[in-house]
Every structure is written in C-alpha cells, then in structure tokens.
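Pasting final-v9.pdb here (PDB, N, CA and C atoms):
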```pdb
ATOM      1  N   MET A   3       0.842  -1.165   0.000
ATOM      2  CA  MET A   3       0.000   0.000   0.000
ATOM      3  C   MET A   3       0.897   1.241   0.000
ATOM      4  N   TYR A   4       0.592   2.145  -0.893
ATOM      5  CA  TYR A   4       1.393   3.359  -1.056
ATOM      6  C   TYR A   4       1.450   4.175   0.231
ATOM      7  N   CYS A   5       0.313   4.371   0.880
ATOM      8  CA  CYS A   5       0.285   5.182   2.098
ATOM      9  C   CYS A   5       1.153   4.586   3.192
ATOM     10  N   GLU A   6       1.154   3.279   3.290
ATOM     11  CA  GLU A   6       1.966   2.616   4.305
ATOM     12  C   GLU A   6       3.453   2.849   4.032
ATOM     13  N   PHE A   7       3.852   2.703   2.793
ATOM     14  CA  PHE A   7       5.235   2.964   2.416
ATOM     15  C   PHE A   7       5.610   4.398   2.750
ATOM     16  N   LEU A   8       4.745   5.326   2.382
ATOM     17  CA  LEU A   8       5.012   6.739   2.605
ATOM     18  C   LEU A   8       5.172   7.049   4.091
ATOM     19  N   ALA A   9       4.303   6.481   4.918
ATOM     20  CA  ALA A   9       4.366   6.731   6.359
ATOM     21  C   ALA A   9       5.648   6.186   6.965
ATOM     22  N   HIS A  10       6.101   5.039   6.503
ATOM     23  CA  HIS A  10       7.321   4.455   7.056
ATOM     24  C   HIS A  10       8.574   5.104   6.470
ATOM     25  N   PHE A  11       8.451   5.645   5.272
ATOM     26  CA  PHE A  11       9.574   6.323   4.633
ATOM     27  C   PHE A  11       9.751   7.730   5.188
ATOM     28  N   ASP A  12       8.650   8.414   5.416
ATOM     29  CA  ASP A  12       8.675   9.806   5.869
ATOM     30  C   ASP A  12       7.817   9.924   7.122
ATOM     31  N   THR A  13       8.430   9.706   8.262
ATOM     32  CA  THR A  13       7.698   9.622   9.521
ATOM     33  C   THR A  13       7.404  10.969  10.168
ATOM     34  N   SER A  14       7.749  12.064   9.529
ATOM     35  CA  SER A  14       7.592  13.361  10.170
ATOM     36  C   SER A  14       6.285  14.067   9.829
ATOM     37  N   HIS A  15       5.481  13.515   8.958
ATOM     38  CA  HIS A  15       4.249  14.177   8.544
ATOM     39  C   HIS A  15       3.027  13.473   9.137
ATOM     40  N   TYR A  16       2.281  14.215   9.935
ATOM     41  CA  TYR A  16       1.110  13.650  10.595
ATOM     42  C   TYR A  16       0.100  13.099   9.596
ATOM     43  N   ASN A  17      -0.040  13.786   8.453
ATOM     44  CA  ASN A  17      -1.106  13.408   7.528
ATOM     45  C   ASN A  17      -0.926  12.008   6.954
ATOM     46  N   HIS A  18       0.294  11.525   6.821
ATOM     47  CA  HIS A  18       0.500  10.159   6.341
ATOM     48  C   HIS A  18      -0.149   9.159   7.297
ATOM     49  N   PHE A  19       0.016   9.413   8.580
ATOM     50  CA  PHE A  19      -0.527   8.514   9.598
ATOM     51  C   PHE A  19      -2.031   8.703   9.755
ATOM     52  N   MET A  20      -2.491   9.942   9.587
ATOM     53  CA  MET A  20      -3.925  10.196   9.632
ATOM     54  C   MET A  20      -4.626   9.445   8.493
ATOM     55  N   TRP A  21      -4.064   9.514   7.302
ATOM     56  CA  TRP A  21      -4.647   8.802   6.153
ATOM     57  C   TRP A  21      -4.683   7.297   6.410
ATOM     58  N   LEU A  22      -3.581   6.777   6.930
ATOM     59  CA  LEU A  22      -3.554   5.344   7.228
ATOM     60  C   LEU A  22      -4.607   4.970   8.278
ATOM     61  N   GLY A  23      -4.780   5.832   9.257
ATOM     62  CA  GLY A  23      -5.814   5.588  10.250
ATOM     63  C   GLY A  23      -7.193   5.558   9.614
ATOM     64  N   GLN A  24      -7.459   6.516   8.754
ATOM     65  CA  GLN A  24      -8.761   6.574   8.093
ATOM     66  C   GLN A  24      -8.968   5.381   7.156
ATOM     67  N   ILE A  25      -7.946   5.021   6.423
ATOM     68  CA  ILE A  25      -8.045   3.870   5.512
ATOM     69  C   ILE A  25      -8.314   2.593   6.293
ATOM     70  N   ASN A  26      -7.565   2.390   7.373
ATOM     71  CA  ASN A  26      -7.753   1.183   8.170
ATOM     72  C   ASN A  26      -9.121   1.158   8.847
ATOM     73  N   ALA A  27      -9.641   2.315   9.210
ATOM     74  CA  ALA A  27     -10.985   2.372   9.791
ATOM     75  C   ALA A  27     -12.019   1.886   8.772
ATOM     76  N   VAL A  28     -11.884   2.349   7.545
ATOM     77  CA  VAL A  28     -12.810   1.929   6.489
ATOM     78  C   VAL A  28     -12.669   0.434   6.211
ATOM     79  N   LEU A  29     -11.440  -0.069   6.281
ATOM     80  CA  LEU A  29     -11.197  -1.491   6.034
ATOM     81  C   LEU A  29     -11.609  -2.368   7.214
ATOM     82  N   GLY A  30     -11.938  -1.724   8.336
ATOM     83  CA  GLY A  30     -12.405  -2.476   9.501
ATOM     84  C   GLY A  30     -11.328  -2.879  10.481
ATOM     85  N   ASP A  31     -10.108  -2.424  10.286
ATOM     86  CA  ASP A  31      -9.019  -2.748  11.216
ATOM     87  C   ASP A  31      -8.925  -1.633  12.257
ATOM     88  N   ARG A  32      -9.756  -1.721  13.265
ATOM     89  CA  ARG A  32      -9.846  -0.684  14.284
ATOM     90  C   ARG A  32      -8.548  -0.529  15.077
ATOM     91  N   THR A  33      -7.856  -1.624  15.325
ATOM     92  CA  THR A  33      -6.602  -1.565  16.085
ATOM     93  C   THR A  33      -5.567  -0.750  15.331
ATOM     94  N   ALA A  34      -5.385  -1.034  14.061
ATOM     95  CA  ALA A  34      -4.428  -0.281  13.244
ATOM     96  C   ALA A  34      -4.879   1.169  13.099
ATOM     97  N   ALA A  35      -6.176   1.378  12.914
ATOM     98  CA  ALA A  35      -6.690   2.742  12.764
ATOM     99  C   ALA A  35      -6.358   3.575  13.999
ATOM    100  N   ARG A  36      -6.626   3.021  15.173
ATOM    101  CA  ARG A  36      -6.319   3.755  16.413
ATOM    102  C   ARG A  36      -4.829   4.050  16.527
ATOM    103  N   ALA A  37      -4.005   3.068  16.233
ATOM    104  CA  ALA A  37      -2.555   3.251  16.362
ATOM    105  C   ALA A  37      -2.058   4.355  15.433
ATOM    106  N   TYR A  38      -2.524   4.340  14.196
ATOM    107  CA  TYR A  38      -2.081   5.365  13.247
ATOM    108  C   TYR A  38      -2.605   6.745  13.626
ATOM    109  N   LEU A  39      -3.829   6.820  14.090
ATOM    110  CA  LEU A  39      -4.375   8.122  14.496
ATOM    111  C   LEU A  39      -3.651   8.660  15.727
ATOM    112  N   ARG A  40      -3.330   7.777  16.667
ATOM    113  CA  ARG A  40      -2.550   8.210  17.843
ATOM    114  C   ARG A  40      -1.188   8.755  17.414
ATOM    115  N   LYS A  41      -0.556   8.074  16.467
ATOM    116  CA  LYS A  41       0.746   8.521  15.967
ATOM    117  C   LYS A  41       0.615   9.887  15.305
ATOM    118  N   ALA A  42      -0.448  10.113  14.574
ATOM    119  CA  ALA A  42      -0.669  11.412  13.929
ATOM    120  C   ALA A  42      -0.761  12.526  14.976
ATOM    121  N   ILE A  43      -1.505  12.265  16.039
ATOM    122  CA  ILE A  43      -1.613  13.268  17.110
ATOM    123  C   ILE A  43      -0.262  13.493  17.776
ATOM    124  N   GLU A  44       0.463  12.428  18.007
ATOM    125  CA  GLU A  44       1.787  12.535  18.631
ATOM    126  C   GLU A  44       2.712  13.424  17.789
ATOM    127  N   ILE A  45       2.701  13.238  16.501
ATOM    128  CA  ILE A  45       3.547  14.045  15.610
ATOM    129  C   ILE A  45       3.143  15.515  15.711
ATOM    130  N   CYS A  46       1.847  15.774  15.700
ATOM    131  CA  CYS A  46       1.369  17.152  15.805
ATOM    132  C   CYS A  46       1.788  17.780  17.129
ATOM    133  N   GLN A  47       1.595  17.062  18.216
ATOM    134  CA  GLN A  47       1.909  17.603  19.534
ATOM    135  C   GLN A  47       3.402  17.836  19.720
ATOM    136  N   ASP A  48       4.218  17.039  19.061
ATOM    137  CA  ASP A  48       5.665  17.167  19.206
ATOM    138  C   ASP A  48       6.265  18.257  18.319
ATOM    139  N   ASP A  49       5.504  18.766  17.369
ATOM    140  CA  ASP A  49       6.019  19.779  16.443
ATOM    141  C   ASP A  49       5.975  21.152  17.101
ATOM    142  N   LYS A  50       7.124  21.627  17.525
ATOM    143  CA  LYS A  50       7.214  22.903  18.238
ATOM    144  C   LYS A  50       7.276  24.103  17.289
ATOM    145  N   ASP A  51       7.504  23.859  16.003
ATOM    146  CA  ASP A  51       7.642  24.947  15.039
ATOM    147  C   ASP A  51       6.322  25.353  14.388
ATOM    148  N   TRP A  52       5.337  24.481  14.449
ATOM    149  CA  TRP A  52       4.056  24.748  13.803
ATOM    150  C   TRP A  52       3.195  25.578  14.745
ATOM    151  N   PRO A  53       2.679  26.723  14.281
ATOM    152  CA  PRO A  53       1.858  27.570  15.161
ATOM    153  C   PRO A  53       0.658  26.814  15.721
ATOM    154  N   ARG A  54       0.457  26.924  17.006
ATOM    155  CA  ARG A  54      -0.619  26.194  17.694
ATOM    156  C   ARG A  54      -1.994  26.529  17.120
ATOM    157  N   GLU A  55      -2.201  27.776  16.716
ATOM    158  CA  GLU A  55      -3.521  28.149  16.194
ATOM    159  C   GLU A  55      -3.830  27.432  14.880
ATOM    160  N   SER A  56      -2.803  27.043  14.152
ATOM    161  CA  SER A  56      -2.995  26.264  12.929
ATOM    162  C   SER A  56      -3.090  24.778  13.231
ATOM    163  N   LEU A  57      -2.382  24.362  14.237
ATOM    164  CA  LEU A  57      -2.281  22.940  14.551
ATOM    165  C   LEU A  57      -3.460  22.406  15.357
ATOM    166  N   GLN A  58      -4.007  23.225  16.229
ATOM    167  CA  GLN A  58      -5.063  22.725  17.124
ATOM    168  C   GLN A  58      -6.288  22.196  16.375
ATOM    169  N   PRO A  59      -6.752  22.844  15.318
ATOM    170  CA  PRO A  59      -7.902  22.270  14.594
ATOM    171  C   PRO A  59      -7.599  20.889  14.005
ATOM    172  N   ILE A  60      -6.362  20.649  13.621
ATOM    173  CA  ILE A  60      -5.968  19.345  13.088
ATOM    174  C   ILE A  60      -5.996  18.306  14.203
ATOM    175  N   ILE A  61      -5.432  18.654  15.349
ATOM    176  CA  ILE A  61      -5.446  17.746  16.498
ATOM    177  C   ILE A  61      -6.892  17.444  16.895
ATOM    178  N   ASP A  62      -7.737  18.472  16.900
ATOM    179  CA  ASP A  62      -9.142  18.277  17.255
ATOM    180  C   ASP A  62      -9.832  17.324  16.273
ATOM    181  N   SER A  63      -9.524  17.464  15.002
ATOM    182  CA  SER A  63     -10.113  16.615  13.976
ATOM    183  C   SER A  63      -9.703  15.150  14.156
ATOM    184  N   ILE A  64      -8.435  14.933  14.419
ATOM    185  CA  ILE A  64      -7.946  13.563  14.630
ATOM    186  C   ILE A  64      -8.542  12.990  15.913
ATOM    187  N   THR A  65      -8.678  13.824  16.931
ATOM    188  CA  THR A  65      -9.287  13.392  18.188
ATOM    189  C   THR A  65     -10.724  12.950  17.951
ATOM    190  N   GLU A  66     -11.434  13.658  17.097
ATOM    191  CA  GLU A  66     -12.808  13.264  16.759
ATOM    192  C   GLU A  66     -12.831  11.902  16.072
ATOM    193  N   GLU A  67     -11.849  11.647  15.217
ATOM    194  CA  GLU A  67     -11.745  10.334  14.577
ATOM    195  C   GLU A  67     -11.564   9.244  15.638
ATOM    196  N   LEU A  68     -10.707   9.503  16.612
ATOM    197  CA  LEU A  68     -10.462   8.527  17.682
ATOM    198  C   LEU A  68     -11.712   8.293  18.531
ATOM    199  N   LYS A  69     -12.512   9.309  18.710
ATOM    200  CA  LYS A  69     -13.730   9.168  19.510
ATOM    201  C   LYS A  69     -14.696   8.180  18.884
ATOM    202  N   LYS A  70     -14.618   8.006  17.581
ATOM    203  CA  LYS A  70     -15.473   7.036  16.897
ATOM    204  C   LYS A  70     -15.185   5.620  17.381
ATOM    205  N   PHE A  71     -14.008   5.433  17.956
ATOM    206  CA  PHE A  71     -13.609   4.126  18.491
ATOM    207  C   PHE A  71     -13.782   4.077  20.001
ATOM    208  N   GLY A  72     -14.441   5.110  20.563
ATOM    209  CA  GLY A  72     -14.650   5.160  21.999
ATOM    210  C   GLY A  72     -13.392   5.499  22.759
ATOM    211  N   GLU A  73     -12.530   6.257  22.125
ATOM    212  CA  GLU A  73     -11.232   6.573  22.735
ATOM    213  C   GLU A  73     -10.999   8.069  22.766
ATOM    214  N   GLU A  74     -10.498   8.524  23.871
ATOM    215  CA  GLU A  74     -10.048   9.907  23.999
ATOM    216  C   GLU A  74      -8.546   9.917  23.797
ATOM    217  N   SER A  75      -8.039  10.968  23.184
ATOM    218  CA  SER A  75      -6.579  11.031  22.967
ATOM    219  C   SER A  75      -5.873  11.563  24.192
TER
END
```
Please render this file's structure as structure tokens.
Amino acid sequence: MYCEFLAHFDTSHYNHFMWLGQINAVLGDRTAARAYLRKAIEICQDDKDWPRESLQPIIDSITEELKKFGEES
C-alpha cells in the first residue's frame, strides 16, 4: 500500500498517519486505525515549530476520529 510505504519512509508528517488511520478504519481494522491516528496526534503535539492556532484544529479533527472508536486522545 502506497500510504503505508510513505508513512514508514517519511515519519515526520502527521497526515501520512492520519490517512492510514482513516483507511484502516474503512477497512475495519480498528486496532491499526487507532494506532495510526494516535501517531498522527503525537507528531502534531511534538512539532514545536508549527503555530498552535494552525495545529489545534488538526489535532481536534484527529481526536474526533479517535472518539469514533470510543477513545479519547
């Protein structure tokens, strides 16, 4: 899968992991979906250079995805 390769090749972009989380959710692999979405949030939270006002809506969006699995980030 292209997205999987991209995420493992370039681990610094949250969106690669967010996409994988969303893809796995659609495919029914809830465990993988949660793991990838958690990783996406972790990348966002660890990025000290990205302005918080731009980043917070992204974190909120990923958190909403996680809530679909009954999980808070």
Quiz item: Near range 25-42 of chain A, within 8 Å and counting all atoms listed in the file, which residues show up once chain neighbours fewer than 5 positions away are dropped, as a list of chain:residue names?
Solution: A:His15, A:Tyr16, A:Asn17, A:His18, A:Phe19, A:Met20, A:Gln47, A:Asp48, A:Ile60, A:Ile61, A:Ile64, A:Thr65, A:Glu67, A:Leu68, A:Phe71, A:Ser75
Practice problem: Give the helix (DSSP H, G or I) residues of range 27-64 of chain A, as DSSP finds them on the backbone, and put them as number ranges by chain. | Solution: A: 27-29, 32-48, 54-64
Exercise. Using CA of Gly23 in chain A and atom C of Asp62 in chain A as the two end points, give the distance in Å to one decimal.
Key: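 So the answer is 13.8 Å.
Across the model, the gap from atom C of Ser14 in chain A to CA of Glu44 in chain A is 10.0 Å.
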Self-check item: atom N of Gln24 in chain A to atom N of Lys70 in chain A, distance in Å rounded to a single decimal
Solution: 11.5 Å
Padding 8 Å on each side, edges along x, y and z: where is the centre of the box around the listed atoms of range 12-21 of chain A, and how long are its edges in Å to one decimal? Output it as lines of an AutoDock Vina configuration file.
```
center_x = 2.0
center_y = 10.8
center_z = 8.0
size_x = 29.4
size_y = 22.9
size_z = 21.2
```
